[in-house]
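What follows is a short report on a single structure.
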Amino acid sequence: MVGMNRWLLGARPRTLPAAVVPVALGAAAAVGEAGSVWWRVAPALVVSLSLQVGVNYANDYSDGVRGTDAVRVGPVRLVGSGLASPSSVKKAALAAFGVAAIAGLALAAVTSWWLLLVGAAALLAGWGYTGGPKPYGYLGLGEVFVFTFFGLVATAGTTFVVCEGIDAVAWLAGGSAGSLACALLVVNNLRDIPTDREVGKRTLAVRLGDARTRWLYSGLLCAAWVLLVVIAAVDRPLALLGLAGVVVAIPALRAVRGGAKGAGLIPVLGATGKVQLVTGLLAAAGIALSG
């Protein structure tokens, strides 16, 4: 495992649907709005993807130097496994955050400068998840960050940069995207409950315990689909296309509800990413076609 391959693995590709889906939904919500400028979707996607990759590298670095990743069941970590030095992973995180900042600056320049405040908050929150003296991810608040920035902010923010306005559909779609992104985090943390508890990492999964975390995972997926039904009832009936994700989710739900643990939950992470993509992209297509 050398060269670019290790950096690709460190970027955690299975988590990237959490960056793609809200942008797709936000762009779809802008369809039909007067004055929409569609080239802005591209830099919005760059911001979202770069922020996700930056957070992944930052978590790798911070958990690695703390020793949290010394014993892992899940996918490889660069620092914890010794595949890359802490300084190089930190530089990779800062580089990804830098790309997000540049793309965000370009969007702010053509829309509104207050976006810089939102972007700064996202960058600080991304680093503070597991970095800094009091990482909030260790306090069980990771889902708050994910729901806010990879749900509401990314979705409604995309709608805003495209048409410089935000309606109810964008906020509801943001809630759906945020629920899907949180489900990805929850199943990751469900897998890591034993090792996280051992090193004092008090994620929400550790605080809730195994059984309630499994219910939370199921509830988050259901919440994402219920919000699509609300969107369909409010304004965009074809948002119901996203309910195809229910079928895709069956294997993941069976594994989680069936008590899969440790390595048995690794495939569920990839399966949850597929649920995100199918639900989010089909819902986005339906919202756009109904616009």
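By convention here, the chains of the structure tokens are called A, B, ... in the order presented, each chain's residues are numbered starting at 1, and ligands are numbered starting at 1 in the order presented.
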Distance table requested - region 45-153 of chain A against region 213-235 of chain A, cut-off 12 Å, only C-alpha atoms: one row per qualifying residue with the closest atom pair and its distance in Å to one decimal, ordered by chain and rising residue number, as a Markdown table.
```
| residue | atom | partner | partner_atom | distance |
| --- | --- | --- | --- | --- |
| A:Glu143 | CA | A:Leu220 | CA | 10.9 |
| A:Phe147 | CA | A:Leu220 | CA | 10.6 |
| A:Gly151 | CA | A:Ala224 | CA | 10.7 |
```
With region 189-195 of chain A as the partner and 10 Å as the cut-off, tabulate the residues of region 205-257 of chain A that qualify, each row holding the nearest pair of atoms and their distance in Å to one decimal, using only C-alpha atoms, sorted by chain and rising number, as a Markdown table.
```
| residue | atom | partner | partner_atom | distance |
| --- | --- | --- | --- | --- |
| A:Ala205 | CA | A:Leu190 | CA | 5.7 |
| A:Val206 | CA | A:Ile193 | CA | 5.4 |
| A:Arg207 | CA | A:Ile193 | CA | 9.2 |
| A:Leu208 | CA | A:Leu190 | CA | 9.8 |
| A:Gly209 | CA | A:Ile193 | CA | 7.8 |
| A:Asp210 | CA | A:Leu190 | CA | 6.7 |
| A:Ala211 | CA | A:Leu190 | CA | 9.5 |
| A:Arg212 | CA | A:Leu190 | CA | 9.9 |
| A:Thr213 | CA | A:Leu190 | CA | 6.6 |
| A:Arg214 | CA | A:Leu190 | CA | 7.6 |
| A:Tyr217 | CA | A:Leu190 | CA | 9.1 |
| A:Val256 | CA | A:Leu190 | CA | 9.2 |
```
Original post:
Counting only C-alpha atoms, what is within 9 Å of region 263-278 of chain A, bar same-chain residues fewer than 2 positions away, as number ranges by chain?
Top reply: A: 14-18, 20-21, 73-75, 177, 180-181, 183-185, 187-188, 190-191, 221, 242-249, 251-253, 255-256, 260-261, 280-283
I need the chosen residues saved as a PDB file, in the first residue's frame, with C-alpha atoms.
```pdb
ATOM      1  CA  ARG A  14     -17.136   5.470   1.371  1.00  0.00           C
ATOM      2  CA  THR A  15     -17.975   8.673   3.244  1.00  0.00           C
ATOM      3  CA  LEU A  16     -18.006  10.899   0.148  1.00  0.00           C
ATOM      4  CA  PRO A  17     -21.708  10.382  -0.649  1.00  0.00           C
ATOM      5  CA  ALA A  18     -22.295  12.537   2.426  1.00  0.00           C
ATOM      6  CA  VAL A  20     -22.332  14.735  -2.909  1.00  0.00           C
ATOM      7  CA  VAL A  21     -25.951  14.179  -1.871  1.00  0.00           C
ATOM      8  CA  VAL A  73     -11.574  -2.912  13.655  1.00  0.00           C
ATOM      9  CA  GLY A  74     -12.562  -0.624  10.807  1.00  0.00           C
ATOM     10  CA  PRO A  75     -10.818   0.663   7.680  1.00  0.00           C
ATOM     11  CA  ALA A 177     -29.451  14.718   3.664  1.00  0.00           C
ATOM     12  CA  LEU A 180     -28.547  10.117   5.881  1.00  0.00           C
ATOM     13  CA  ALA A 181     -25.107  11.526   6.708  1.00  0.00           C
ATOM     14  CA  ALA A 183     -26.677   7.342   9.727  1.00  0.00           C
ATOM     15  CA  LEU A 184     -23.252   6.853   8.135  1.00  0.00           C
ATOM     16  CA  LEU A 185     -21.522   8.270  11.215  1.00  0.00           C
ATOM     17  CA  VAL A 187     -22.962   2.923  12.023  1.00  0.00           C
ATOM     18  CA  ASN A 188     -19.257   3.784  12.024  1.00  0.00           C
ATOM     19  CA  LEU A 190     -21.571   1.585  16.482  1.00  0.00           C
ATOM     20  CA  ARG A 191     -18.751  -0.584  15.164  1.00  0.00           C
ATOM     21  CA  LEU A 221     -32.894   6.368   7.739  1.00  0.00           C
ATOM     22  CA  GLY A 242     -35.981   8.738  -3.362  1.00  0.00           C
ATOM     23  CA  LEU A 243     -37.994   6.105  -1.509  1.00  0.00           C
ATOM     24  CA  ALA A 244     -36.286   3.545  -3.740  1.00  0.00           C
ATOM     25  CA  GLY A 245     -33.544   3.813  -1.134  1.00  0.00           C
ATOM     26  CA  VAL A 246     -35.756   1.753   1.197  1.00  0.00           C
ATOM     27  CA  VAL A 247     -35.119  -1.322  -0.943  1.00  0.00           C
ATOM     28  CA  VAL A 248     -31.371  -0.677  -1.060  1.00  0.00           C
ATOM     29  CA  ALA A 249     -31.313  -0.259   2.723  1.00  0.00           C
ATOM     30  CA  PRO A 251     -29.410  -5.542   3.794  1.00  0.00           C
ATOM     31  CA  ALA A 252     -27.888  -2.795   5.973  1.00  0.00           C
ATOM     32  CA  LEU A 253     -30.929  -2.666   8.247  1.00  0.00           C
ATOM     33  CA  ALA A 255     -27.271  -6.445   9.576  1.00  0.00           C
ATOM     34  CA  VAL A 256     -27.707  -3.666  12.126  1.00  0.00           C
ATOM     35  CA  ALA A 260     -23.753  -7.509  13.563  1.00  0.00           C
ATOM     36  CA  LYS A 261     -20.672  -6.337  15.428  1.00  0.00           C
ATOM     37  CA  GLY A 280     -30.395  11.353  -2.369  1.00  0.00           C
ATOM     38  CA  LEU A 281     -29.788  11.305  -6.108  1.00  0.00           C
ATOM     39  CA  LEU A 282     -33.187   9.885  -7.031  1.00  0.00           C
ATOM     40  CA  ALA A 283     -34.863  12.359  -4.697  1.00  0.00           C
TER      41      ALA A 283
END
```
**OP:** Tell me which of A:Gly98, A:Gly174, A:Gly104, A:Gly54 sits closest to Ala125 (chain A), counting only C-alpha atoms.
**Re:** A:Gly54
Original post:
In Å to one decimal, how far is CA of Leu94 (chain A) from CA of Arg202 (chain A)?
Top reply: 25.6 Å
**OP:** Enumerate the residues of region 108-268 of chain A with a DSSP assignment of alpha helix (DSSP H), computed from the backbone, and present them as a VMD selection string.
**Re:** chain A and resid 108 to 110 115 to 128 142 to 147 154 to 163 168 to 191 193 to 199 204 to 208 210 to 234 245 to 257 266 to 268
**OP:** Would you mind listing what lies within 10 Å of Ala30 (chain A) as a ChimeraX atom specification, with only C-alpha atoms counted and same-chain residues fewer than 4 positions away left out?
**Re:** /A:25-26,34-38,156,158-167,169-170,287-288,291
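Residues within 6 Å of Tyr138 (chain A), counting only C-alpha atoms and excluding same-chain residues fewer than 3 positions away, are Pro135, Lys201, Arg202 and Thr203 of chain A.
Counting only C-alpha atoms, the residue from A:Val47, A:Val76, A:Ala120, A:Val53 that sits nearest to Ile102 (chain A) is A:Val47.
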Taking 2 positions as the minimum chain separation for residues in the same chain, which residues sit within 8 Å of Val65 (chain A) when counting only C-alpha atoms? Answer as a PDB file with N, CA and C atoms, in the first residue's frame.
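The result, written out as part-v1.pdb:
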```
ATOM      1  N   TYR A  61      -5.496  12.340  11.634  1.00  0.00           N
ATOM      2  CA  TYR A  61      -4.363  12.953  12.335  1.00  0.00           C
ATOM      3  C   TYR A  61      -4.616  13.047  13.841  1.00  0.00           C
ATOM      4  N   SER A  62      -5.738  13.638  14.213  1.00  0.00           N
ATOM      5  CA  SER A  62      -6.002  13.884  15.631  1.00  0.00           C
ATOM      6  C   SER A  62      -6.167  12.596  16.416  1.00  0.00           C
ATOM      7  N   ASP A  63      -6.926  11.646  15.865  1.00  0.00           N
ATOM      8  CA  ASP A  63      -7.090  10.360  16.552  1.00  0.00           C
ATOM      9  C   ASP A  63      -5.766   9.605  16.623  1.00  0.00           C
ATOM     10  N   GLY A  67      -3.620   8.443  19.996  1.00  0.00           N
ATOM     11  CA  GLY A  67      -3.552   7.007  20.252  1.00  0.00           C
ATOM     12  C   GLY A  67      -4.894   6.317  20.177  1.00  0.00           C
ATOM     13  N   THR A  68      -5.939   7.056  19.759  1.00  0.00           N
ATOM     14  CA  THR A  68      -7.285   6.476  19.678  1.00  0.00           C
ATOM     15  C   THR A  68      -7.367   5.374  18.630  1.00  0.00           C
ATOM     16  N   VAL A  79      -2.237   7.489  10.169  1.00  0.00           N
ATOM     17  CA  VAL A  79      -1.341   7.749  11.299  1.00  0.00           C
ATOM     18  C   VAL A  79      -1.316   6.561  12.249  1.00  0.00           C
ATOM     19  N   GLY A  80      -2.486   6.058  12.605  1.00  0.00           N
ATOM     20  CA  GLY A  80      -2.562   4.964  13.551  1.00  0.00           C
ATOM     21  C   GLY A  80      -1.856   3.708  13.093  1.00  0.00           C
ATOM     22  N   PRO A  86       2.321  11.829  11.109  1.00  0.00           N
ATOM     23  CA  PRO A  86       1.296  12.774  11.551  1.00  0.00           C
ATOM     24  C   PRO A  86       1.383  14.118  10.828  1.00  0.00           C
TER      25      PRO A  86
END
```
Original post:
In Å, how far is it from CA of Gly200 (chain A) to CA of Tyr57 (chain A)?
Top reply: 20.9 Å
